[in-house]
Structure formats: C-alpha cells, structure tokens
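query12.pdb follows; it contains PDB, C-alpha atoms.
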MODEL        1
ATOM      1  CA  MET A   1     110.990  83.624  89.006
ATOM      2  CA  SER A   2     108.007  85.918  88.451
ATOM      3  CA  GLU A   3     108.755  89.642  88.396
ATOM      4  CA  GLY A   4     106.987  92.160  90.585
ATOM      5  CA  LEU A   5     104.693  94.662  88.903
ATOM      6  CA  VAL A   6     105.583  97.600  91.134
ATOM      7  CA  ASP A   7     108.653  99.429  92.367
ATOM      8  CA  LYS A   8     110.060  98.548  95.808
ATOM      9  CA  ASN A   9     109.739 102.182  96.945
ATOM     10  CA  LEU A  10     106.016 102.005  96.267
ATOM     11  CA  ILE A  11     105.759  98.897  98.459
ATOM     12  CA  ILE A  12     107.698 100.665 101.247
ATOM     13  CA  ALA A  13     105.379 103.682 100.983
ATOM     14  CA  ALA A  14     102.290 101.443 101.107
ATOM     15  CA  LYS A  15     103.761  99.643 104.114
ATOM     16  CA  ASN A  16     104.061 103.031 105.833
ATOM     17  CA  GLY A  17     100.381 103.719 105.205
ATOM     18  CA  ASP A  18     100.555 105.892 102.075
ATOM     19  CA  MET A  19      97.142 105.498 100.439
ATOM     20  CA  GLY A  20      98.384 106.821  97.091
ATOM     21  CA  ALA A  21     101.000 104.062  96.966
ATOM     22  CA  LEU A  22      98.434 101.456  97.962
ATOM     23  CA  SER A  23      96.131 102.712  95.230
ATOM     24  CA  ALA A  24      98.963 102.375  92.672
ATOM     25  CA  ILE A  25      99.693  98.810  93.849
ATOM     26  CA  ILE A  26      96.021  97.876  93.533
ATOM     27  CA  SER A  27      95.922  99.359  90.022
ATOM     28  CA  ALA A  28      98.969  97.330  89.017
ATOM     29  CA  TYR A  29      97.916  93.999  90.520
ATOM     30  CA  GLN A  30      94.140  94.027  90.300
ATOM     31  CA  PRO A  31      93.819  92.739  86.698
ATOM     32  CA  ALA A  32      96.122  89.759  87.341
ATOM     33  CA  ILE A  33      94.674  88.925  90.772
ATOM     34  CA  TYR A  34      91.104  89.194  89.495
ATOM     35  CA  ASN A  35      91.924  87.045  86.478
ATOM     36  CA  HIS A  36      93.579  84.411  88.693
ATOM     37  CA  LEU A  37      90.645  84.353  91.117
ATOM     38  CA  TYR A  38      88.116  84.279  88.284
ATOM     39  CA  ARG A  39      89.774  81.164  86.894
ATOM     40  CA  LEU A  40      89.865  79.615  90.352
ATOM     41  CA  VAL A  41      86.220  80.188  91.299
ATOM     42  CA  ASN A  42      84.670  80.408  87.790
ATOM     43  CA  ASN A  43      82.348  83.246  88.706
ATOM     44  CA  PRO A  44      82.817  86.985  87.978
ATOM     45  CA  ASP A  45      80.957  88.287  91.050
ATOM     46  CA  ASP A  46      82.711  85.980  93.492
ATOM     47  CA  ALA A  47      86.046  86.750  91.837
ATOM     48  CA  ALA A  48      85.400  90.487  92.310
ATOM     49  CA  ASP A  49      84.503  89.971  95.998
ATOM     50  CA  LEU A  50      87.574  87.822  96.562
ATOM     51  CA  ALA A  51      89.853  90.302  94.786
ATOM     52  CA  GLN A  52      88.453  93.043  97.006
ATOM     53  CA  GLU A  53      89.009  90.916 100.105
ATOM     54  CA  THR A  54      92.569  90.160  98.980
ATOM     55  CA  PHE A  55      93.461  93.853  98.785
ATOM     56  CA  ILE A  56      91.747  94.614 102.083
ATOM     57  CA  LYS A  57      93.877  91.864 103.656
ATOM     58  CA  LEU A  58      96.918  93.420 101.955
ATOM     59  CA  TYR A  59      96.098  96.726 103.673
ATOM     60  CA  LYS A  60      95.420  95.123 107.052
ATOM     61  CA  ASN A  61      98.626  93.043 106.916
ATOM     62  CA  ARG A  62     100.831  95.668 105.259
ATOM     63  CA  LEU A  63     103.168  95.795 108.259
ATOM     64  CA  LYS A  64     103.964  92.105 107.716
ATOM     65  CA  ILE A  65     105.378  92.743 104.220
ATOM     66  CA  ASP A  66     108.911  91.352 104.098
ATOM     67  CA  LEU A  67     110.873  93.551 101.705
ATOM     68  CA  ASP A  68     113.549  90.861 101.271
ATOM     69  CA  LYS A  69     110.990  88.403  99.919
ATOM     70  CA  SER A  70     108.876  88.499  96.771
ATOM     71  CA  PHE A  71     105.907  90.825  97.204
ATOM     72  CA  ASN A  72     104.316  89.191  94.177
ATOM     73  CA  ALA A  73     104.368  85.750  95.815
ATOM     74  CA  TRP A  74     103.115  87.183  99.122
ATOM     75  CA  LEU A  75     100.122  88.823  97.427
ATOM     76  CA  TYR A  76      99.249  85.629  95.546
ATOM     77  CA  LYS A  77      99.509  83.741  98.835
ATOM     78  CA  ILE A  78      96.833  86.055 100.275
ATOM     79  CA  ALA A  79      94.688  85.609  97.137
ATOM     80  CA  THR A  80      95.062  81.819  97.240
ATOM     81  CA  ASN A  81      94.206  81.612 100.942
ATOM     82  CA  THR A  82      91.218  83.897 100.421
ATOM     83  CA  ALA A  83      89.966  81.677  97.599
ATOM     84  CA  TYR A  84      90.538  78.505  99.653
ATOM     85  CA  ASP A  85      88.577  80.013 102.558
ATOM     86  CA  TRP A  86      85.788  80.761 100.093
ATOM     87  CA  PHE A  87      85.792  77.134  98.912
ATOM     88  CA  LYS A  88      85.690  75.951 102.539
ATOM     89  CA  LYS A  89      82.773  78.265 103.356
ATOM     90  CA  ARG A  90      80.887  76.927 100.361
ATOM     91  CA  LYS A  91      81.501  73.436 101.723
ATOM     92  CA  SER A  92      83.312  72.233  98.632
ATOM     93  CA  HIS A  93      84.759  68.768  98.855
ATOM     94  CA  PRO A  94      87.787  69.142 101.153
ATOM     95  CA  GLU A  95      89.828  66.766  98.981
ATOM     96  CA  ASP A  96      89.554  69.280  96.107
ATOM     97  CA  LEU A  97      91.881  71.587  98.007
ATOM     98  CA  ILE A  98      94.493  68.924  98.736
ATOM     99  CA  ILE A  99      97.339  67.843  96.501
ATOM    100  CA  ASP A 100      97.981  64.111  96.681
ATOM    101  CA  ASP A 101     101.708  63.329  96.394
ATOM    102  CA  GLU A 102     101.806  59.553  96.747
ATOM    103  CA  ASN A 103     103.716  57.034  94.582
ATOM    104  CA  LEU A 104     105.511  59.413  92.276
ATOM    105  CA  ASN A 105     109.045  60.660  91.936
ATOM    106  CA  PHE A 106     110.387  63.737  90.238
ATOM    107  CA  GLU A 107     112.290  61.833  87.480
ATOM    108  CA  THR A 108     109.021  60.329  86.239
ATOM    109  CA  ILE A 109     107.419  63.760  86.216
ATOM    110  CA  GLU A 110     110.193  65.363  84.176
ATOM    111  CA  ALA A 111     110.126  62.510  81.674
ATOM    112  CA  GLU A 112     106.374  62.915  81.216
ATOM    113  CA  ARG A 113     106.637  66.679  80.945
ATOM    114  CA  SER A 114     108.240  66.626  77.492
ATOM    115  CA  TYR A 115     105.120  64.876  76.232
ATOM    116  CA  TYR A 116     102.880  67.766  77.352
ATOM    117  CA  GLN A 117     105.201  70.282  75.764
ATOM    118  CA  MET A 118     104.765  68.560  72.425
ATOM    119  CA  THR A 119     100.990  68.118  72.511
ATOM    120  CA  GLU A 120      98.879  70.652  70.611
ATOM    121  CA  ILE A 121      96.073  72.108  72.744
ATOM    122  CA  ASP A 122      93.026  74.081  71.712
ATOM    123  CA  ARG A 123      92.594  77.268  73.777
ATOM    124  CA  VAL A 124      88.810  77.178  74.047
ATOM    125  CA  ALA A 125      88.830  73.501  74.998
ATOM    126  CA  LEU A 126      91.516  74.165  77.609
ATOM    127  CA  ASP A 127      89.472  77.017  79.045
ATOM    128  CA  MET A 128      86.604  74.592  79.644
ATOM    129  CA  ALA A 129      88.857  71.765  80.816
ATOM    130  CA  LEU A 130      90.379  74.063  83.451
ATOM    131  CA  GLU A 131      86.953  74.478  85.019
ATOM    132  CA  GLU A 132      86.585  70.728  85.358
ATOM    133  CA  ILE A 133      89.722  69.930  87.334
ATOM    134  CA  LYS A 134      90.114  70.343  91.117
ATOM    135  CA  PRO A 135      90.641  73.950  92.322
ATOM    136  CA  ALA A 136      93.947  73.021  93.980
ATOM    137  CA  ALA A 137      95.264  71.565  90.717
ATOM    138  CA  ARG A 138      93.916  74.539  88.768
ATOM    139  CA  ASN A 139      95.680  76.882  91.183
ATOM    140  CA  LEU A 140      99.033  75.160  90.631
ATOM    141  CA  LEU A 141      98.694  75.265  86.841
ATOM    142  CA  LEU A 142      97.712  78.924  86.801
ATOM    143  CA  LEU A 143     100.412  79.970  89.251
ATOM    144  CA  HIS A 144     103.113  78.155  87.328
ATOM    145  CA  TYR A 145     102.166  78.646  83.688
ATOM    146  CA  GLN A 146     100.097  81.805  83.667
ATOM    147  CA  GLN A 147     101.728  83.818  86.447
ATOM    148  CA  GLY A 148     105.195  82.390  85.940
ATOM    149  CA  PHE A 149     105.957  81.412  89.529
ATOM    150  CA  SER A 150     108.774  78.942  90.174
ATOM    151  CA  TYR A 151     108.214  75.685  92.077
ATOM    152  CA  GLN A 152     109.842  77.266  95.129
ATOM    153  CA  GLU A 153     107.560  80.307  94.979
ATOM    154  CA  ILE A 154     104.472  78.123  94.542
ATOM    155  CA  SER A 155     105.620  76.153  97.560
ATOM    156  CA  GLU A 156     105.707  79.417  99.553
ATOM    157  CA  ILE A 157     102.356  80.595  98.180
ATOM    158  CA  THR A 158     100.462  77.378  98.815
ATOM    159  CA  GLY A 159     102.367  76.230 101.892
ATOM    160  CA  LEU A 160     102.984  72.839 100.258
ATOM    161  CA  PRO A 161     106.359  71.050 100.316
ATOM    162  CA  LEU A 162     108.416  71.544  97.146
ATOM    163  CA  ASN A 163     108.075  67.932  96.046
ATOM    164  CA  THR A 164     104.303  68.034  96.521
ATOM    165  CA  VAL A 165     104.167  71.074  94.242
ATOM    166  CA  LYS A 166     106.099  69.238  91.511
ATOM    167  CA  ILE A 167     103.950  66.145  91.825
ATOM    168  CA  GLY A 168     100.797  68.256  92.063
ATOM    169  CA  LEU A 169     101.679  70.013  88.829
ATOM    170  CA  TYR A 170     102.313  66.713  87.134
ATOM    171  CA  ARG A 171      98.929  65.419  88.262
ATOM    172  CA  ALA A 172      97.246  68.664  87.227
ATOM    173  CA  ARG A 173      98.712  68.379  83.715
ATOM    174  CA  LYS A 174      97.599  64.790  83.567
ATOM    175  CA  ASP A 175      94.081  65.678  84.787
ATOM    176  CA  ILE A 176      93.687  68.456  82.286
ATOM    177  CA  LEU A 177      94.804  66.312  79.356
ATOM    178  CA  LYS A 178      92.441  63.599  80.521
ATOM    179  CA  SER A 179      89.666  66.156  80.660
ATOM    180  CA  LEU A 180      90.569  67.397  77.175
ATOM    181  CA  SER A 181      90.493  63.946  75.698
TER     182      SER A 181
ATOM    183  CA  MET B   1     100.346  75.544  71.005
ATOM    184  CA  ASN B   2     101.321  73.131  73.773
ATOM    185  CA  LEU B   3      99.735  73.022  77.233
ATOM    186  CA  GLU B   4     102.114  75.509  78.853
ATOM    187  CA  ASP B   5     101.809  78.123  76.114
ATOM    188  CA  THR B   6      98.044  77.694  75.903
ATOM    189  CA  ILE B   7      97.606  78.327  79.643
ATOM    190  CA  LYS B   8      99.928  81.315  79.410
ATOM    191  CA  ASN B   9      97.877  82.745  76.543
ATOM    192  CA  LEU B  10      94.407  82.127  77.936
ATOM    193  CA  PRO B  11      92.174  85.194  77.431
ATOM    194  CA  GLU B  12      92.240  87.721  80.281
ATOM    195  CA  ARG B  13      89.073  88.081  82.339
ATOM    196  CA  GLU B  14      88.508  91.797  82.737
ATOM    197  CA  ALA B  15      87.803  93.113  86.219
ATOM    198  CA  PRO B  16      84.704  95.320  86.678
ATOM    199  CA  ALA B  17      85.550  98.991  86.128
ATOM    200  CA  ALA B  18      84.359 100.060  89.592
ATOM    201  CA  LEU B  19      86.209  97.317  91.480
ATOM    202  CA  LYS B  20      89.271  99.365  92.381
ATOM    203  CA  ARG B  21      87.196 102.342  93.561
ATOM    204  CA  LYS B  22      85.007 100.078  95.700
ATOM    205  CA  THR B  23      88.070  98.377  97.189
ATOM    206  CA  MET B  24      89.752 101.679  98.024
ATOM    207  CA  ARG B  25      86.551 102.998  99.620
ATOM    208  CA  LYS B  26      86.330  99.932 101.847
ATOM    209  CA  ILE B  27      90.001 100.306 102.805
ATOM    210  CA  LEU B  28      89.434 103.976 103.644
ATOM    211  CA  VAL B  29      86.466 103.087 105.828
ATOM    212  CA  ILE B  30      88.669 100.564 107.678
ATOM    213  CA  ARG B  31      91.486 103.123 107.969
ATOM    214  CA  TYR B  32      89.255 105.849 109.365
ATOM    215  CA  ARG B  33      87.013 103.628 111.486
ATOM    216  CA  PRO B  34      88.787 104.461 114.809
ATOM    217  CA  TYR B  35      88.426 108.189 114.120
ATOM    218  CA  LEU B  36      84.771 107.715 113.222
ATOM    219  CA  TYR B  37      84.189 105.792 116.467
ATOM    220  CA  LEU B  38      85.912 108.594 118.396
ATOM    221  CA  ALA B  39      83.653 111.143 116.686
ATOM    222  CA  LEU B  40      80.605 109.086 117.674
ATOM    223  CA  VAL B  41      81.791 108.754 121.290
ATOM    224  CA  LEU B  42      82.318 112.514 121.464
ATOM    225  CA  LEU B  43      78.897 113.094 119.955
ATOM    226  CA  ILE B  44      77.213 110.754 122.448
ATOM    227  CA  ALA B  45      79.132 112.356 125.344
ATOM    228  CA  ASN B  46      78.007 115.723 124.059
ATOM    229  CA  LEU B  47      74.369 114.608 123.894
ATOM    230  CA  VAL B  48      74.521 113.118 127.415
ATOM    231  CA  MET B  49      76.087 116.268 128.825
ATOM    232  CA  SER B  50      73.574 118.466 127.035
ATOM    233  CA  ALA B  51      70.665 116.356 128.270
ATOM    234  CA  ASN B  52      72.038 116.483 131.800
ATOM    235  CA  TYR B  53      72.554 120.216 131.574
ATOM    236  CA  PHE B  54      69.080 120.924 130.258
ATOM    237  CA  TYR B  55      67.518 118.548 132.766
ATOM    238  CA  SER B  56      69.166 120.435 135.648
ATOM    239  CA  TYR B  57      68.202 123.683 134.052
ATOM    240  CA  ILE B  58      64.556 122.696 133.537
ATOM    241  CA  ALA B  59      64.402 121.176 137.012
ATOM    242  CA  SER B  60      65.336 124.503 138.550
ATOM    243  CA  SER B  61      62.059 126.070 139.526
ATOM    244  CA  ALA B  62      63.115 129.604 138.656
ATOM    245  CA  ALA B  63      64.115 128.575 135.163
ATOM    246  CA  TRP B  64      60.982 126.508 134.769
ATOM    247  CA  GLU B  65      58.866 129.427 135.843
ATOM    248  CA  ALA B  66      60.638 131.639 133.341
ATOM    249  CA  ILE B  67      60.083 129.149 130.520
ATOM    250  CA  ARG B  68      56.430 128.716 131.438
ATOM    251  CA  ALA B  69      55.962 132.447 131.530
ATOM    252  CA  PHE B  70      57.719 132.789 128.218
ATOM    253  CA  ILE B  71      55.446 130.157 126.617
ATOM    254  CA  GLN B  72      52.292 131.670 128.075
ATOM    255  CA  GLY B  73      53.509 135.168 127.291
ATOM    256  CA  SER B  74      50.813 136.838 129.343
ATOM    257  CA  ASP B  75      52.449 137.839 132.593
ATOM    258  CA  TRP B  76      56.030 137.829 131.406
ATOM    259  CA  ASN B  77      58.253 140.411 133.100
ATOM    260  CA  PHE B  78      61.821 141.228 134.030
ATOM    261  CA  SER B  79      61.716 139.420 137.343
ATOM    262  CA  TYR B  80      61.298 136.138 135.422
ATOM    263  CA  LEU B  81      64.210 137.085 133.209
ATOM    264  CA  SER B  82      66.437 137.784 136.203
ATOM    265  CA  ASN B  83      65.353 134.515 137.829
ATOM    266  CA  PHE B  84      66.098 132.733 134.568
ATOM    267  CA  TRP B  85      69.535 134.303 134.360
ATOM    268  CA  LEU B  86      70.298 133.467 137.994
ATOM    269  CA  ALA B  87      69.341 129.871 137.409
ATOM    270  CA  VAL B  88      71.566 129.666 134.315
ATOM    271  CA  LYS B  89      74.402 131.366 136.135
ATOM    272  CA  GLU B  90      74.048 128.949 139.016
ATOM    273  CA  LEU B  91      74.173 125.905 136.783
ATOM    274  CA  MET B  92      76.598 127.153 134.188
ATOM    275  CA  PRO B  93      80.115 126.878 135.592
ATOM    276  CA  LEU B  94      80.691 123.126 135.360
ATOM    277  CA  ASP B  95      77.942 121.762 133.107
ATOM    278  CA  MET B  96      78.015 124.558 130.594
ATOM    279  CA  PHE B  97      81.772 124.547 130.353
ATOM    280  CA  LEU B  98      81.866 120.786 129.687
ATOM    281  CA  VAL B  99      79.058 120.921 127.148
ATOM    282  CA  VAL B 100      80.737 123.750 125.264
ATOM    283  CA  LEU B 101      84.139 122.055 125.422
ATOM    284  CA  ILE B 102      82.906 118.679 124.201
ATOM    285  CA  SER B 103      80.825 120.288 121.477
ATOM    286  CA  PHE B 104      83.815 122.264 120.298
ATOM    287  CA  VAL B 105      86.138 119.234 120.274
ATOM    288  CA  SER B 106      83.600 116.988 118.521
ATOM    289  CA  VAL B 107      82.857 119.568 115.831
ATOM    290  CA  ILE B 108      86.567 120.191 115.166
ATOM    291  CA  HIS B 109      87.206 116.440 115.140
ATOM    292  CA  LEU B 110      84.413 115.803 112.662
ATOM    293  CA  ILE B 111      85.644 118.574 110.361
ATOM    294  CA  VAL B 112      89.226 117.234 110.404
ATOM    295  CA  PHE B 113      87.961 113.667 109.929
ATOM    296  CA  PHE B 114      85.858 114.484 106.886
ATOM    297  CA  GLN B 115      88.584 116.647 105.357
ATOM    298  CA  HIS B 116      91.103 113.780 105.641
ATOM    299  CA  TYR B 117      88.590 111.282 104.315
ATOM    300  CA  ARG B 118      87.750 113.528 101.346
ATOM    301  CA  ARG B 119      91.410 114.128 100.566
ATOM    302  CA  GLU B 120      92.165 110.399 100.611
ATOM    303  CA  LEU B 121      89.103 109.697  98.488
ATOM    304  CA  LEU B 122      90.335 112.170  95.881
ATOM    305  CA  LYS B 123      93.683 110.329  95.696
ATOM    306  CA  ILE B 124      91.976 107.163  94.447
TER     307      ILE B 124
ENDMDL
END
Kindly transcribe the structure held in the file into structure tokens.
Amino acid sequence: MSEGLVDKNLIIAAKNGDMGALSAIISAYQPAIYNHLYRLVNNPDDAADLAQETFIKLYKNRLKIDLDKSFNAWLYKIATNTAYDWFKKRKSHPEDLIIDDENLNFETIEAERSYYQMTEIDRVALDMALEEIKPAARNLLLLHYQQGFSYQEISEITGLPLNTVKIGLYRARKDILKSLS
Amino acid sequence: MNLEDTIKNLPEREAPAALKRKTMRKILVIRYRPYLYLALVLLIANLVMSANYFYSYIASSAAWEAIRAFIQGSDWNFSYLSNFWLAVKELMPLDMFLVVLISFVSVIHLIVFFQHYRRELLKI
C-alpha cells in the first residue's frame, strides 16, 4: 500500500478550507503528480496544466474527502481522470484508454511475472518504450511500480475491476517488453 | 535492473518552479469569486443609484439653473445657491441616503475583500 505524503490533520484542515494546509498539500504532492502526468501525456506544458487542474479539482471537491480512505489514492484518481479527459478532448483513440481483460487468468499472469523480474532493462530504453505503449497501460505501470499502489488501490483509482487491473498490468508489462525488443 | 526496479527508478521530471504559485492563485480566485461578484454588484448598484440621483438632481430646474449659472459665472448670486440647496434638500432624503449607504458598504466590502485576498496570497 502506498503511503500518504502528508499528515491527516493537514488533510482535515484543508477539508475545512484552510489555505495554508492546502498549500502544504500541494507542495508535498505536486512533484509526484506532475511527474506522473508528464509520463502519461509526454509533454511538459500539458502536464503542468493537468497538474494545476488536478489541484483545483482537489480544492473544489475537498468536502468529498473521505478520511477513512487513502487520500493518496483519491488524489491520483483525480489526476488520472483529468488526464483521461484530456486524452478524450484530444480525440485520442478511445481504445487506448481501455484495458482489455479477455482470455487470461491470474495464475498465468503470476507465472509470467517472474520472467519480467529477472530480465535486465535499460533505463533510457524503458523511458522511450513507455511513451510507445497505450496511455491506459502506461498509467497502470506507473501507478503500480513507480507510485507503489496495490492492485486494490489501482482498482479504486481507475475504476476498473480488480481482475482487469491484474490482467492490464500483465499486458502492459508484455507490451513494454515487446516495445523494448 | 529488472522492469519493476527500472520503472521505480526512472528519472523524475521536475515541475516548473512557478507551478505551485500559479495553482494557488487560481484556487484563490475561485475561492474569492463570490465575494468579487458581490463587490461588482454593489458597485453597479452604486453607479445606478448615483446616476438616478444625479439625473433627478439635474432634471430639477432650480438645480439646473444653479449649475448653468455656476458654469457661466456671470450672473451668479445667492438666490441660485439657495435654489440649489432647496433642490438638493428636496431630493436628498431617499436617494442620497441610499447612494451614501451603498457606497459605504461597497467600499468597506472591497477593502475587506482585498485584505483577505492579500493575506491568503502571502500564505502561499
């Protein structure tokens, strides 16, 4: 499970409209959110706009923050939805935002996974390969491996069923290795 | 490194230095938008009331005569001044009171609004 970057009291204060607390939350999360969005959209200016929009949505929806749930996951859900809306506005291929979960089971995925853990990957090549795969697949990889979210949390962030997340991650790993080769 | 570790260790993309400040400014504008709209409504109400007041005032012949005499300056005398005062006195009770009241409220509101906005801006 990914850990939150800010104290719960700060989140409560921001929820109550304290601008100082909101400012502290933005300071803590902005680098990670910007980085995630940059990797999703592959453009610094668009990533900056989307990060800004994400935090504006955080402010507008602050009363909906559920203190019993992960704030981290909730914020990434906003960022992901904001990025997906951006892709839709740019008329990207709709299938790029969908995870296909046909004809696979979780046992197969876990068996294949050990292979990826053993394979040596070049960082620069991976950076380029990430840009080539579908945004939805890229999102899953980044959420799981870079941000450290669990399958369950990714399911909450993306709104996909748990099994689809597992299969989606498997396909994403496969796509990226294919792209690397 | 394997796939998982390589993704984890991908280089960070650094956010523009001014991004946080720009974001907070936009949030502050959203936060204070209702107060700003209220200030504008008060200002417009004030302008309408003032226009109405001065229209009534100009339309009064005694006041108009006094203004004309004042502009011409040639045959200006105290009778014009008394006529002018009578006209103002006649029109003042309701119109003047409302104009003064709305002006006062809108000025106080604008001062409070900008003080809050400035204070919040300094917190960023």
| If the PyMOL selection byres ((chain B) within 9 of (chain A)) is run on the structure shown, which residues does it catch, given as a list in words? | Met1, Asn2, Leu3, Glu4, Asp5, Thr6, Ile7, Lys8, Asn9, Leu10, Pro11, Glu12, Arg13, Glu14, Ala15, Pro16, Leu19, Lys20, Lys22, Thr23, Met24, Lys26, Ile27, Leu28, Ile30, Arg31, Glu120, Lys123 and Ile124 of chain B
| request: Would you work out the distance separating CA of Leu180 (chain A) from CA of Ala129 (chain A), expressed in Å to one decimal? | output: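 Here the two named atoms are 5.9 Å from each other.
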| field | Picked residues, the PyMOL selection byres ((chain A and resi 72-86) around 6), as a VMD selection string | value | chain A and resid 4 54 70 to 71 87 to 89 157
| remark: A straight line from CA of Phe149 (chain A) to CA of Ile167 (chain A) spans 15.6 Å
| message | Residue by residue, what does the PyMOL selection byres ((chain B and resi 38-42) around 12) grab here? Present the result as a PyMOL selection string. | response | chain B and resi 32-37+43-50+98-114
Expected file: the selected residues, C-alpha atoms, as a short mmCIF file (atom, residue, chain, number, x, y, z; two decimals), in the coordinates of the input:
data_model
loop_
_atom_site.label_atom_id
_atom_site.label_comp_id
_atom_site.auth_asym_id
_atom_site.auth_seq_id
_atom_site.Cartn_x
_atom_site.Cartn_y
_atom_site.Cartn_z
CA TYR B 32 89.26 105.85 109.36
CA ARG B 33 87.01 103.63 111.49
CA PRO B 34 88.79 104.46 114.81
CA TYR B 35 88.43 108.19 114.12
CA LEU B 36 84.77 107.72 113.22
CA TYR B 37 84.19 105.79 116.47
CA LEU B 43 78.90 113.09 119.96
CA ILE B 44 77.21 110.75 122.45
CA ALA B 45 79.13 112.36 125.34
CA ASN B 46 78.01 115.72 124.06
CA LEU B 47 74.37 114.61 123.89
CA VAL B 48 74.52 113.12 127.42
CA MET B 49 76.09 116.27 128.82
CA SER B 50 73.57 118.47 127.04
CA LEU B 98 81.87 120.79 129.69
CA VAL B 99 79.06 120.92 127.15
CA VAL B 100 80.74 123.75 125.26
CA LEU B 101 84.14 122.06 125.42
CA ILE B 102 82.91 118.68 124.20
CA SER B 103 80.82 120.29 121.48
CA PHE B 104 83.82 122.26 120.30
CA VAL B 105 86.14 119.23 120.27
CA SER B 106 83.60 116.99 118.52
CA VAL B 107 82.86 119.57 115.83
CA ILE B 108 86.57 120.19 115.17
CA HIS B 109 87.21 116.44 115.14
CA LEU B 110 84.41 115.80 112.66
CA ILE B 111 85.64 118.57 110.36
CA VAL B 112 89.23 117.23 110.40
CA PHE B 113 87.96 113.67 109.93
CA PHE B 114 85.86 114.48 106.89
#
| query | CA of Tyr55 (chain B) to CA of Phe97 (chain B): how many Å, to one decimal? | reply |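 CA of Phe97 (chain B) lies 15.7 Å from CA of Tyr55 (chain B).
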| message | I need the residue nearest Leu140 (chain A) from this list: A:Ser179, A:Ala125, A:Lys166, A:Lys69. Use only C-alpha atoms for the distance. | response |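 Smallest distance to Leu140 (chain A) is found for A:Lys166.
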Around all the atoms of region 4-17 of chain A listed in the file, with 4 Å of room on each side, what axis-aligned box do you get, giving centre and edge lengths in Å to one decimal, as JSON?
{"center_x": 105.2, "center_y": 97.9, "center_z": 97.4, "size_x": 17.7, "size_y": 19.6, "size_z": 24.9}
